[in-house]
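*Asks:* Pasting in a structure now, in structure tokens, and then I'll have a few things to ask.
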Amino acid sequence: MPIPDTDLNRDLIPRVFTPAATVGELLALFQDHAQPYACYAVARLATDAYDALALIDLDDAAQQYGRALLGMTLGAVPGLLQPAAPGRQDATGPATAERALHAAPRRRLVVCDAAGDVAGIMVARPLSIAKGIGPLDLLRPTTLAGAAAPALPPHLNTRFDGLAPGQPLTVGRRAPLIVWVGAPTDTARNRHSAPFRFSFPDAQAPVAFTVHLHAAPDAWTVKVVEPTMIVAPPGITSQEAEFLVTAKQPGRDTLHLSVERADTGTTVQHLCLPVYAVQEAAAAPPPVVRERVAISLPLEDATIARRQVEIALLPGENSESFTAVVRGDLEGHAVWQIYRVPVSVAEVQNAALRLRQELEKIVFYPDRYANVHRPFTSREMLTIDETLARQAAAPLADAGQQVWQLLFQSPRAPAELAQFGADLRSLPHGGTVQIVLHSQRFIIPWTLLYDKPGPITAETLDWTGFWGYRYRLEVIPPGRYPALTIDDRPPGLLALFNDEASLRTFAAAQEQALRERLGIEQCACIWGDPAVRQALGAPAPAALVYCYCHGDHASGAVKAAALASESALTFSANARLRLADLRRLPTAYFARRPLVFLNACEGATQDAFYYDGFMPYFIEELGARGFIGTEVKAPIFLAHDVALRFMEAFAAGRPVGDILWRLRRHYLNKHHNILAFNYSLYSPGDVRLAAESAI
């Protein structure tokens, strides 16, 4: 029923949500939700009344109020769809918020006023199973009452006209797609909106962006009318980019767009636009779940280097295929193409699982001839006998080669994709390779891919065949990434340590290095489970959140019915802090967007078959600007040494992608130890401390 305007509490929390989607996107995003009846939107009926709508009923609402009114209303709602920890979304006090969370998980609604400001938060009261969801209770937060909305960072919004996500297209009929940008406050019209951070270098001079639109050539024809978009400060589009899209056959698909700065070629944003085509006389198929994926990258100035290779992985039409969009500046030529790869997703996932298992076998690899139980887990030395190292790494290279062949050289792969995979070998050492995860089914330890042809033995193994040895690698999950340069002055650090005796010697040395040798002034070092839980509830301002503790990953691929949320960190003996427990803590959003370095066993491990774990938790739920973690078990002494070297380079202002690349090569060249390849980076590789903030 309508909610009178006078019943809304306006002294609430600051704006903490992302811009909302269009009606079509909402329908596609939530129609297959596990609890669609528990997801709500808001329609403004008059100047003083709102109506709460279950998203499952949006079709009826669109007919009742009209798509235009409903679309304009939802366009003004700054993202009321994603659940968040109670401490930052419905902060009624920890006790009340905790009760509300357990009483009605995910059943929360945000009401906004005409200006788009948060006007109230509502939670549905669950009744009996037979009766379903009861009335909506308005929560009136007190702990954050009167808080001022934070200033919006400078950014632009990519918008679409002519072709909206989920809009049916007629086969053989051209449809225009117009791409432009607008100021972030312009939400009055029903448009797809995806912000990226951008500061104009000159208050008067316009900036040109090149828009690339890619679609599978067997299913779509794309005519480029105008690829260049010109934007004048503070965000007025004086020239739009325009394309004509024609479907060749009926079916569902995804168009891939990239926006880059015209003068440098540096990518600003990757976008996926779900579309489907029908015959003119055919009825439109029912909508299916197809999330709009926007990966928005910061572009602070023209000095940020363009990635030499970008590989974007998208879902295929079914589970027996996937789509790869590749751009590469290779020796003597450039490639920018989209390929459909007829390889089962399950096959790739299974191969990636084996790849991690082969890496973990190296951790526990025995040296029978030297009568050493596990040389790679030594607490006294890092150097491994070279012959032994090659023997241990040969099965890993074999597994890495098989994953590489599945992705680029499968028997049914397009010949052009196979050639691209082979041509990648010409990329010089230190080349930058960015993996864009539009499809979250491909969480692969990319450092372990091996592309040297031929049989692999201890004698023929070539260390340069590993991608982690040759390339500066960065993996980009979906998200909106802040500025690459961390300009905190002085740079703070939050260090969370395990207090057990087995780690105390190493952890104490790390704390001393952080406080003395590196000279980081604002360094909060927290020891033990109770203190860590308290610190995460109100984290100190920090450029880096560092954890040195035990960890383990739960996976249904290893143990039946195991959930990734059962994965845990251990900061004290017999005290497991599960991912599920972290989500129940009133954990505060990371307002300063720190880099998170989880130096624990299996900190970055993803389940082979679905996307969940500490990495997406810290990036998507807490707002970290990036994440570093290990794929499998991590030897204590090696983890300690990696941490010291990383901290020193990071404090000096070196970019994290370069730091990890050099560390991988250092341990392999000097110590014949490949286990530094265990560390994966999930963020743009150019994240670093500003020169004036560096120690």
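To be explicit about the labels: the chains of the structure tokens are called A, B, and onward in the order shown, and within each one the residues are counted from 1, while ligands get numbers from 1 in the order they are shown.
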Write out as a ChimeraX atom specification each polymer residue whose atoms come within 12 Å of Ser258 in chain A, counting only C-alpha atoms; drop sequence neighbours fewer than 5 positions from it.

*Replies:* /A:158,179,209-215,227-228,241,265-273,294-297,310-312,325-327,336-337,436

*Asks:* With range 442-465 of chain A as the partner and 9 Å as the cut-off, tabulate the residues of range 315-429 of chain A that qualify, each row holding the nearest pair of atoms and their distance in Å to one decimal, using only C-alpha atoms, sorted by chain and rising number, as CSV.

*Replies:*
residue,atom,partner,partner_atom,distance
A:Val345,CA,A:Phe442,CA,8.1
A:Val348,CA,A:Phe442,CA,7.6
A:Gln349,CA,A:Phe442,CA,6.9
A:Ala352,CA,A:Ile444,CA,5.8
A:Leu353,CA,A:Ile444,CA,8.4
A:Leu355,CA,A:Leu448,CA,7.6
A:Arg356,CA,A:Pro445,CA,7.5
A:Leu359,CA,A:Leu448,CA,8.5
A:Thr387,CA,A:Ala458,CA,7.6
A:Leu388,CA,A:Ala458,CA,8.7
A:Ala389,CA,A:Ala458,CA,8.5
A:Arg390,CA,A:Ala458,CA,4.9
A:Gln391,CA,A:Ala458,CA,4.9
A:Ala392,CA,A:Ala458,CA,8.0
A:Ala393,CA,A:Ala458,CA,7.6
A:Ala394,CA,A:Ala458,CA,5.5
A:Pro395,CA,A:Ile456,CA,8.0
A:Leu396,CA,A:Leu448,CA,7.7
A:Ala397,CA,A:Tyr450,CA,5.7
A:Asp398,CA,A:Ile456,CA,6.3
A:Ala399,CA,A:Leu449,CA,8.1
A:Gly400,CA,A:Leu449,CA,4.3
A:Gln401,CA,A:Tyr450,CA,4.5
A:Gln402,CA,A:Tyr450,CA,8.1
A:Val403,CA,A:Leu449,CA,6.7
A:Trp404,CA,A:Leu449,CA,5.8
A:Gln405,CA,A:Asp451,CA,7.9
A:Gly421,CA,A:Asp451,CA,8.4
A:Ala422,CA,A:Asp451,CA,8.0
A:Arg425,CA,A:Asp451,CA,7.7
A:His429,CA,A:Thr464,CA,8.8

*Asks:* Can you tell me, as number ranges by chain, what residues are no more than 9 Å from Ala535 in chain A when counting only C-alpha atoms, ignoring any on the same chain fewer than 5 positions away?

*Replies:* A: 494, 496, 526, 530, 540, 587

*Asks:* Quick one: of A:Val231, A:Leu577, A:Ala324, A:Ala639, who's nearest to His438 in chain A, counting only C-alpha atoms?

*Replies:*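 So, comparing all the options, the nearest one is A:Ala324.
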
*Asks:* DSSP on the backbone: what in range 558-675 of chain A comes out helix (DSSP H, G or I), as an MDAnalysis selection string?

*Replies:* chainID A and resid 564:566 579:584 614:621 636:651 656:671 674:675

*Asks:* How would the residues just picked look written out with C-alpha atoms as a short mmCIF file (atom, residue, chain, number, x, y, z; two decimals), in the first residue's frame?

*Replies:*
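Once written, result-v3.cif looks like this:
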data_model
loop_
_atom_site.label_atom_id
_atom_site.label_comp_id
_atom_site.auth_asym_id
_atom_site.auth_seq_id
_atom_site.Cartn_x
_atom_site.Cartn_y
_atom_site.Cartn_z
CA ALA A 564 32.44 -21.80 0.54
CA SER A 565 30.95 -19.83 3.44
CA GLU A 566 32.44 -22.50 5.74
CA LEU A 579 33.27 -16.44 6.02
CA ALA A 580 29.71 -16.93 7.27
CA ASP A 581 30.76 -15.43 10.62
CA LEU A 582 32.35 -12.44 8.91
CA ARG A 583 29.09 -11.77 7.11
CA ARG A 584 27.24 -11.82 10.42
CA PHE A 614 37.22 -14.22 0.77
CA MET A 615 38.19 -12.41 -2.43
CA PRO A 616 34.65 -11.46 -3.55
CA TYR A 617 33.70 -10.80 0.07
CA PHE A 618 36.39 -8.17 0.60
CA ILE A 619 36.04 -6.59 -2.86
CA GLU A 620 32.28 -6.62 -3.42
CA GLU A 621 30.88 -6.52 0.11
CA ILE A 636 54.80 -20.36 6.88
CA PHE A 637 58.38 -19.23 6.28
CA LEU A 638 57.86 -18.45 2.59
CA ALA A 639 54.70 -16.50 3.42
CA HIS A 640 56.69 -14.54 5.99
CA ASP A 641 59.48 -13.71 3.55
CA VAL A 642 57.04 -12.77 0.78
CA ALA A 643 55.28 -10.42 3.20
CA LEU A 644 58.47 -8.60 4.20
CA ARG A 645 59.57 -8.10 0.60
CA PHE A 646 56.10 -7.06 -0.52
CA MET A 647 55.70 -4.53 2.31
CA GLU A 648 59.04 -2.91 1.57
CA ALA A 649 58.28 -2.54 -2.15
CA PHE A 650 54.70 -1.37 -1.53
CA ALA A 651 55.84 1.24 1.00
CA VAL A 656 51.38 -4.17 -6.86
CA GLY A 657 51.35 -5.99 -10.21
CA ASP A 658 55.03 -5.26 -10.72
CA ILE A 659 55.85 -6.26 -7.12
CA LEU A 660 54.24 -9.69 -7.43
CA TRP A 661 55.77 -10.33 -10.87
CA ARG A 662 59.25 -9.57 -9.57
CA LEU A 663 58.69 -11.68 -6.45
CA ARG A 664 57.67 -14.70 -8.53
CA ARG A 665 60.81 -14.40 -10.63
CA HIS A 666 63.02 -13.77 -7.58
CA TYR A 667 62.01 -16.95 -5.74
CA LEU A 668 62.19 -19.06 -8.88
CA ASN A 669 65.50 -17.70 -10.17
CA LYS A 670 67.32 -17.52 -6.85
CA HIS A 671 65.70 -20.29 -4.82
CA ILE A 674 57.79 -21.84 -7.57
CA LEU A 675 55.47 -21.41 -4.60
#

*Asks:* Give me the residues near Phe497 in chain A as a PyMOL selection string, where near means some atom within 7 Å (using only C-alpha atoms) and where sequence neighbours in that chain fewer than 6 positions away do not count.

*Replies:* chain A and resi 507+526-528+547-549+571

*Asks:* Those selected residues, please, written with C-alpha atoms and delivered as a CSV table (one decimal), in the first residue's frame.

*Replies:*
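So the final result, stored in part_32.csv, reads:
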chain,number,residue,atom,x,y,z
A,507,ALA,CA,54.3,-12.3,13.0
A,526,ILE,CA,45.8,-6.5,16.2
A,527,TRP,CA,46.5,-9.9,17.7
A,528,GLY,CA,44.1,-12.8,18.4
A,547,CYS,CA,46.3,-10.6,7.6
A,548,TYR,CA,48.9,-13.2,8.6
A,549,CYS,CA,47.1,-16.2,10.0
A,571,PHE,CA,43.6,-15.9,14.5

*Asks:* Nearest to Gly332 in chain A among A:Ala262, A:Leu427, A:Val245, A:Leu689, with distances taken over only C-alpha atoms: which residue is it?

*Replies:*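 Ranking A:Ala262, A:Leu427, A:Val245, A:Leu689 by distance to Gly332 in chain A, first place goes to A:Leu427.
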
*Asks:* Separation of CA of Asn318 in chain A and CA of Glu474 in chain A, in Å?

*Replies:*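 Answer for the CA of Asn318 in chain A to CA of Glu474 in chain A separation: 27.1 Å.
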
*Asks:* Could you please write out, as a PyMOL selection string, every residue of range 471-514 of chain A that DSSP assigns to strand (DSSP E)?

*Replies:* chain A and resi 471-476+479-480+485-486+493-497

*Asks:* Next, dump the selected residues to file, keeping only C-alpha atoms, as a short mmCIF file (atom, residue, chain, number, x, y, z; two decimals), in the first residue's frame.

*Replies:*
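The resulting file, again_14.cif, is reproduced below:
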data_model
loop_
_atom_site.label_atom_id
_atom_site.label_comp_id
_atom_site.auth_asym_id
_atom_site.auth_seq_id
_atom_site.Cartn_x
_atom_site.Cartn_y
_atom_site.Cartn_z
CA TYR A 471 53.71 -11.56 -17.49
CA ARG A 472 52.52 -8.92 -15.07
CA LEU A 473 49.10 -10.44 -14.47
CA GLU A 474 45.98 -8.81 -13.06
CA VAL A 475 42.53 -10.37 -12.72
CA ILE A 476 39.57 -7.97 -12.60
CA GLY A 479 33.15 -3.94 -9.57
CA ARG A 480 33.80 -0.22 -9.61
CA THR A 485 47.01 5.77 -6.55
CA ILE A 486 46.43 5.64 -2.79
CA LEU A 493 47.98 0.05 7.84
CA LEU A 494 45.73 -2.43 9.64
CA ALA A 495 47.62 -5.64 10.44
CA LEU A 496 45.68 -8.63 11.81
CA PHE A 497 47.88 -11.36 13.32
#

*Asks:* To one decimal place in Å, what is the distance between CA of Ala247 in chain A and CA of Glu317 in chain A?

*Replies:*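 Separation between CA of Ala247 in chain A and CA of Glu317 in chain A: 14.9 Å.
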